[in-house]
$ cat final.pdb   # PDB, C-alpha atoms, pLDDT in the B column
ATOM      1  CA  MET A   1     371.545 116.627  14.804  1.00 49.00           C
ATOM      2  CA  ALA A   2     369.247 114.199  13.039  1.00 57.00           C
ATOM      3  CA  GLN A   3     365.618 115.150  12.767  1.00 89.00           C
ATOM      4  CA  HIS A   4     362.818 112.697  13.095  1.00 93.00           C
ATOM      5  CA  VAL A   5     359.710 112.343  10.964  1.00 94.00           C
ATOM      6  CA  ARG A   6     357.519 113.343  13.923  1.00 94.00           C
ATOM      7  CA  ASP A   7     359.230 116.753  13.985  1.00 93.00           C
ATOM      8  CA  ILE A   8     357.715 117.846  10.673  1.00 92.00           C
ATOM      9  CA  MET A   9     354.846 115.464   9.855  1.00 93.00           C
ATOM     10  CA  THR A  10     351.268 116.591   9.646  1.00 92.00           C
ATOM     11  CA  GLY A  11     349.523 114.744  12.439  1.00 93.00           C
ATOM     12  CA  ASP A  12     345.935 113.579  12.807  1.00 91.00           C
ATOM     13  CA  PRO A  13     345.457 112.498   9.172  1.00 95.00           C
ATOM     14  CA  VAL A  14     342.018 112.404   7.610  1.00 96.00           C
ATOM     15  CA  THR A  15     340.893 108.833   7.030  1.00 96.00           C
ATOM     16  CA  VAL A  16     338.036 107.148   5.195  1.00 97.00           C
ATOM     17  CA  GLU A  17     336.830 103.562   4.960  1.00 97.00           C
ATOM     18  CA  PRO A  18     337.261 101.663   1.644  1.00 96.00           C
ATOM     19  CA  GLN A  19     333.480 101.756   1.042  1.00 96.00           C
ATOM     20  CA  THR A  20     333.396 105.568   1.027  1.00 97.00           C
ATOM     21  CA  SER A  21     332.249 106.963  -2.309  1.00 96.00           C
ATOM     22  CA  VAL A  22     334.675 108.760  -4.586  1.00 95.00           C
ATOM     23  CA  ALA A  23     332.358 111.783  -4.521  1.00 96.00           C
ATOM     24  CA  GLU A  24     332.422 111.916  -0.718  1.00 97.00           C
ATOM     25  CA  VAL A  25     336.222 111.697  -0.661  1.00 97.00           C
ATOM     26  CA  ALA A  26     336.392 114.524  -3.210  1.00 96.00           C
ATOM     27  CA  ARG A  27     334.115 116.660  -1.003  1.00 97.00           C
ATOM     28  CA  ILE A  28     336.295 115.924   2.043  1.00 97.00           C
ATOM     29  CA  MET A  29     339.405 116.935   0.096  1.00 96.00           C
ATOM     30  CA  ARG A  30     337.720 120.139  -1.035  1.00 96.00           C
ATOM     31  CA  ASP A  31     336.357 121.056   2.386  1.00 96.00           C
ATOM     32  CA  GLU A  32     339.548 120.211   4.282  1.00 94.00           C
ATOM     33  CA  ASP A  33     341.898 121.566   1.560  1.00 92.00           C
ATOM     34  CA  LEU A  34     343.685 118.226   1.233  1.00 92.00           C
ATOM     35  CA  GLY A  35     345.478 116.478  -1.594  1.00 92.00           C
ATOM     36  CA  VAL A  36     345.587 113.095   0.128  1.00 94.00           C
ATOM     37  CA  VAL A  37     343.367 110.998   2.375  1.00 96.00           C
ATOM     38  CA  LEU A  38     344.305 107.735   4.054  1.00 96.00           C
ATOM     39  CA  VAL A  39     342.097 104.690   3.541  1.00 96.00           C
ATOM     40  CA  THR A  40     341.700 102.624   6.692  1.00 95.00           C
ATOM     41  CA  ASP A  41     339.916  99.466   7.676  1.00 92.00           C
ATOM     42  CA  GLY A  42     339.129 100.108  11.314  1.00 91.00           C
ATOM     43  CA  ASP A  43     342.386 101.469  12.729  1.00 88.00           C
ATOM     44  CA  ASP A  44     344.615  99.770  10.152  1.00 91.00           C
ATOM     45  CA  LEU A  45     346.030 101.594   7.140  1.00 94.00           C
ATOM     46  CA  ARG A  46     344.923  99.965   3.876  1.00 93.00           C
ATOM     47  CA  GLY A  47     345.700 102.579   1.251  1.00 94.00           C
ATOM     48  CA  VAL A  48     346.305 106.159   0.215  1.00 95.00           C
ATOM     49  CA  VAL A  49     344.197 108.149  -2.220  1.00 95.00           C
ATOM     50  CA  THR A  50     345.257 111.450  -3.768  1.00 93.00           C
ATOM     51  CA  ASP A  51     343.216 113.949  -5.713  1.00 93.00           C
ATOM     52  CA  ARG A  52     345.042 112.719  -8.827  1.00 91.00           C
ATOM     53  CA  ASP A  53     344.135 109.105  -8.012  1.00 92.00           C
ATOM     54  CA  LEU A  54     340.461 110.091  -7.923  1.00 93.00           C
ATOM     55  CA  VAL A  55     340.696 111.517 -11.420  1.00 91.00           C
ATOM     56  CA  VAL A  56     342.971 108.943 -13.073  1.00 90.00           C
ATOM     57  CA  ARG A  57     341.760 105.750 -11.417  1.00 88.00           C
ATOM     58  CA  SER A  58     338.095 106.559 -10.956  1.00 88.00           C
ATOM     59  CA  ILE A  59     336.458 109.553 -12.644  1.00 87.00           C
ATOM     60  CA  SER A  60     338.168 108.908 -15.989  1.00 87.00           C
ATOM     61  CA  GLN A  61     336.855 105.334 -15.962  1.00 86.00           C
ATOM     62  CA  GLY A  62     333.240 106.490 -15.979  1.00 86.00           C
ATOM     63  CA  GLY A  63     330.582 105.363 -13.593  1.00 82.00           C
ATOM     64  CA  ASP A  64     328.721 107.238 -10.924  1.00 90.00           C
ATOM     65  CA  PRO A  65     331.113 108.860  -8.413  1.00 91.00           C
ATOM     66  CA  GLU A  66     328.393 108.620  -5.765  1.00 93.00           C
ATOM     67  CA  GLN A  67     328.266 104.831  -6.247  1.00 92.00           C
ATOM     68  CA  THR A  68     331.954 104.114  -6.948  1.00 91.00           C
ATOM     69  CA  THR A  69     333.983 103.426  -3.813  1.00 94.00           C
ATOM     70  CA  VAL A  70     337.426 104.711  -3.057  1.00 94.00           C
ATOM     71  CA  ALA A  71     338.720 101.132  -2.716  1.00 92.00           C
ATOM     72  CA  GLY A  72     339.393 101.002  -6.456  1.00 88.00           C
ATOM     73  CA  ALA A  73     341.066 104.397  -6.604  1.00 89.00           C
ATOM     74  CA  CYS A  74     343.499 104.094  -3.734  1.00 88.00           C
ATOM     75  CA  SER A  75     347.107 102.972  -3.858  1.00 86.00           C
ATOM     76  CA  ASP A  76     347.553  99.872  -1.754  1.00 80.00           C
ATOM     77  CA  ASP A  77     351.251  99.284  -2.456  1.00 86.00           C
ATOM     78  CA  LEU A  78     352.242 101.441   0.495  1.00 92.00           C
ATOM     79  CA  VAL A  79     355.522 102.916   1.564  1.00 95.00           C
ATOM     80  CA  THR A  80     355.352 104.013   5.206  1.00 96.00           C
ATOM     81  CA  VAL A  81     357.657 105.401   7.878  1.00 97.00           C
ATOM     82  CA  GLY A  82     357.505 105.467  11.638  1.00 97.00           C
ATOM     83  CA  PRO A  83     357.340 108.730  13.573  1.00 97.00           C
ATOM     84  CA  ASP A  84     360.731 108.115  15.207  1.00 96.00           C
ATOM     85  CA  GLU A  85     362.592 107.365  11.975  1.00 96.00           C
ATOM     86  CA  ASP A  86     365.214 109.797  10.736  1.00 94.00           C
ATOM     87  CA  LEU A  87     363.940 112.360   8.269  1.00 92.00           C
ATOM     88  CA  ASP A  88     366.781 111.423   5.929  1.00 91.00           C
ATOM     89  CA  HIS A  89     365.301 107.916   5.679  1.00 94.00           C
ATOM     90  CA  ALA A  90     361.938 109.384   4.642  1.00 93.00           C
ATOM     91  CA  VAL A  91     363.699 111.452   1.967  1.00 91.00           C
ATOM     92  CA  GLN A  92     365.466 108.330   0.718  1.00 93.00           C
ATOM     93  CA  LEU A  93     362.157 106.441   0.506  1.00 95.00           C
ATOM     94  CA  MET A  94     360.498 109.287  -1.411  1.00 93.00           C
ATOM     95  CA  ARG A  95     363.324 109.258  -3.937  1.00 92.00           C
ATOM     96  CA  GLU A  96     363.439 105.479  -4.201  1.00 95.00           C
ATOM     97  CA  HIS A  97     359.684 105.078  -4.704  1.00 94.00           C
ATOM     98  CA  SER A  98     359.018 108.377  -6.526  1.00 91.00           C
ATOM     99  CA  VAL A  99     356.338 109.500  -4.075  1.00 92.00           C
ATOM    100  CA  ARG A 100     355.552 112.938  -2.702  1.00 91.00           C
ATOM    101  CA  ARG A 101     353.815 111.847   0.489  1.00 93.00           C
ATOM    102  CA  ILE A 102     354.399 109.003   2.923  1.00 95.00           C
ATOM    103  CA  PRO A 103     351.969 107.895   5.620  1.00 96.00           C
ATOM    104  CA  VAL A 104     353.442 107.850   9.104  1.00 97.00           C
ATOM    105  CA  VAL A 105     352.448 104.675  10.905  1.00 96.00           C
ATOM    106  CA  ASP A 106     352.912 103.662  14.529  1.00 95.00           C
ATOM    107  CA  HIS A 107     352.255  99.956  15.216  1.00 91.00           C
ATOM    108  CA  GLY A 108     350.161  99.658  12.050  1.00 86.00           C
ATOM    109  CA  HIS A 109     348.008 102.692  12.814  1.00 92.00           C
ATOM    110  CA  PRO A 110     348.285 105.934  10.838  1.00 95.00           C
ATOM    111  CA  VAL A 111     349.391 108.897  12.941  1.00 96.00           C
ATOM    112  CA  GLY A 112     350.373 111.381  10.240  1.00 96.00           C
ATOM    113  CA  ILE A 113     351.675 112.139   6.788  1.00 96.00           C
ATOM    114  CA  VAL A 114     355.040 113.554   5.797  1.00 95.00           C
ATOM    115  CA  SER A 115     355.213 115.291   2.440  1.00 90.00           C
ATOM    116  CA  LEU A 116     357.763 116.706   0.093  1.00 87.00           C
ATOM    117  CA  GLY A 117     356.323 120.132   0.910  1.00 83.00           C
ATOM    118  CA  ASP A 118     356.850 119.552   4.649  1.00 83.00           C
ATOM    119  CA  MET A 119     360.483 118.741   3.978  1.00 84.00           C
ATOM    120  CA  ALA A 120     360.953 121.747   1.726  1.00 77.00           C
ATOM    121  CA  MET A 121     359.509 124.090   4.353  1.00 70.00           C
ATOM    122  CA  GLU A 122     361.753 122.554   7.027  1.00 74.00           C
ATOM    123  CA  ARG A 123     365.015 122.313   5.089  1.00 63.00           C
ATOM    124  CA  ASP A 124     364.823 125.190   2.610  1.00 59.00           C
ATOM    125  CA  PRO A 125     361.858 127.488   3.316  1.00 49.00           C
ATOM    126  CA  GLU A 126     363.168 130.075   0.843  1.00 57.00           C
ATOM    127  CA  SER A 127     363.104 127.595  -2.054  1.00 48.00           C
ATOM    128  CA  ALA A 128     360.282 127.774  -4.575  1.00 45.00           C
ATOM    129  CA  LEU A 129     358.743 124.554  -3.231  1.00 45.00           C
ATOM    130  CA  GLY A 130     359.094 125.709   0.380  1.00 42.00           C
ATOM    131  CA  ASP A 131     357.512 129.048  -0.488  1.00 44.00           C
ATOM    132  CA  ILE A 132     354.628 127.441  -2.393  1.00 44.00           C
ATOM    133  CA  SER A 133     354.071 124.852   0.346  1.00 47.00           C
ATOM    134  CA  ALA A 134     353.857 127.550   3.012  1.00 50.00           C
ATOM    135  CA  ALA A 135     351.427 129.714   1.025  1.00 49.00           C
ATOM    136  CA  ARG A 136     347.750 129.741   1.912  1.00 53.00           C
ATOM    137  CA  PRO A 137     345.569 128.480  -0.930  1.00 50.00           C
ATOM    138  CA  ASN A 138     343.468 130.893  -2.961  1.00 51.00           C
ATOM    139  CA  THR A 139     339.798 130.253  -2.355  1.00 49.00           C
TER     140      THR A 139
END
$ encode --input "final.pdb" --output "structure tokens"
Amino acid sequence: MAQHVRDIMTGDPVTVEPQTSVAEVARIMRDEDLGVVLVTDGDDLRGVVTDRDLVVRSISQGGDPEQTTVAGACSDDLVTVGPDEDLDHAVQLMREHSVRRIPVVDHGHPVGIVSLGDMAMERDPESALGDISAARPNT
């Protein structure tokens, strides 16, 4: 039986506006234990920013992280899936676009994120990636 993205996605994604400072996004990621935040303009998805994006596209460029906005650090060439799409399609998109996370969008509005870790925990929880993804972080 085919599974759907909604069956394993992480719902209620954390979102920020494009004008949010890089420092604030970093604090949100730290406090919420996240590796990705969605960038929205109102209710519409505009981009995705990962912890790596913050470092490579922003912090490494210099400038004040309190004054630099996340708009310049986020990926805006988005690959998305719908919540009712087959999970196999999401896997195919991840492979095709070499991404680890895909925003889940319903009528243009973000409703979740599906990650490589989610898939590993669902399909092969005993694998190294499934085991790591299920582990609680050390704080």
$ atom_distance --input "final.pdb" --atom1 "CA of Leu38 in chain A" --atom2 "CA of Arg95 in chain A"
20.7 Å
$ closest_residue --input "final.pdb" --among "A:Arg27, A:Arg46, A:His4, A:Arg52" --to "Val79 in chain A" --atoms "only C-alpha atoms"
A:Arg46
$ closest_residue --input "final.pdb" --among "A:Leu87, A:Val48, A:Leu93, A:Met121" --to "Ser75 in chain A" --atoms "all atoms listed in the file"
A:Val48
$ atom_distance --input "final.pdb" --atom1 "CA of Gly117 in chain A" --atom2 "CA of Val99 in chain A"
11.7 Å
$ atom_distance --input "final.pdb" --atom1 "CA of Ala71 in chain A" --atom2 "CA of Gly112 in chain A"
20.2 Å
$ residues_around --input "final.pdb" --residues "Leu54 in chain A" --least-positions-apart "6" --cutoff "9 Å" --atoms "only C-alpha atoms" --output "ChimeraX atom specification"
/A:22-23,25-26,60,70,73-74
$ write_last_selection --input "final.pdb" --atoms "C-alpha atoms" --output "mmCIF file, in the coordinates of the input"
data_model
loop_
_atom_site.group_PDB
_atom_site.id
_atom_site.type_symbol
_atom_site.label_atom_id
_atom_site.label_comp_id
_atom_site.auth_asym_id
_atom_site.auth_seq_id
_atom_site.Cartn_x
_atom_site.Cartn_y
_atom_site.Cartn_z
ATOM 1 C CA VAL A 22 334.675 108.760 -4.586
ATOM 2 C CA ALA A 23 332.358 111.783 -4.521
ATOM 3 C CA VAL A 25 336.222 111.697 -0.661
ATOM 4 C CA ALA A 26 336.392 114.524 -3.210
ATOM 5 C CA SER A 60 338.168 108.908 -15.989
ATOM 6 C CA VAL A 70 337.426 104.711 -3.057
ATOM 7 C CA ALA A 73 341.066 104.397 -6.604
ATOM 8 C CA CYS A 74 343.499 104.094 -3.734
#
$ closest_residue --input "final.pdb" --among "A:Asp43, A:Asp64, A:Asp7, A:Asp53" --to "Asp86 in chain A" --atoms "all atoms listed in the file"
A:Asp7
$ resolve_selection --input "final.pdb" --expression "the PyMOL selection byres ((chain A and resi 41) around 10)" --output "short mmCIF file (atom, residue, chain, number, x, y, z; two decimals) with C-alpha atoms, in the coordinates of the input"
data_model
loop_
_atom_site.label_atom_id
_atom_site.label_comp_id
_atom_site.auth_asym_id
_atom_site.auth_seq_id
_atom_site.Cartn_x
_atom_site.Cartn_y
_atom_site.Cartn_z
CA THR A 15 340.89 108.83 7.03
CA VAL A 16 338.04 107.15 5.20
CA GLU A 17 336.83 103.56 4.96
CA PRO A 18 337.26 101.66 1.64
CA GLN A 19 333.48 101.76 1.04
CA VAL A 39 342.10 104.69 3.54
CA THR A 40 341.70 102.62 6.69
CA GLY A 42 339.13 100.11 11.31
CA ASP A 43 342.39 101.47 12.73
CA ASP A 44 344.62 99.77 10.15
CA LEU A 45 346.03 101.59 7.14
CA ARG A 46 344.92 99.96 3.88
CA GLY A 47 345.70 102.58 1.25
#
$ closest_residue --input "final.pdb" --among "A:Glu24, A:Asp106, A:Asp51, A:Asp33" --to "Val5 in chain A" --atoms "only C-alpha atoms"
A:Asp106
$ resolve_selection --input "final.pdb" --expression "the PyMOL selection byres ((chain A and resi 81) around 7)" --output "list in words"
Thr80, Gly82, Pro83, Glu85, Ala90, Ile102, Pro103, Val104 and Val105 of chain A
$ residues_around --input "final.pdb" --residues "Gly11 in chain A" --least-positions-apart "3" --cutoff "9 Å" --atoms "all atoms listed in the file" --output "MDAnalysis selection string"
chainID A and resid 6 8 104 111:114
$ closest_residue --input "final.pdb" --among "A:Arg101, A:Arg30, A:His109, A:His89" --to "Met9 in chain A" --atoms "all atoms listed in the file"
A:Arg101
$ closest_residue --input "final.pdb" --among "A:Glu96, A:His107, A:Val91, A:Ile59" --to "Met119 in chain A" --atoms "all atoms listed in the file"
A:Val91
$ axis_aligned_box --input "final.pdb" --around "range 16-30 of chain A" --padding-each-side "8 Å" --output "lines of an AutoDock Vina configuration file"
center_x = 335.8
center_y = 110.9
center_z = 0.3
size_x = 23.2
size_y = 34.5
size_z = 25.8
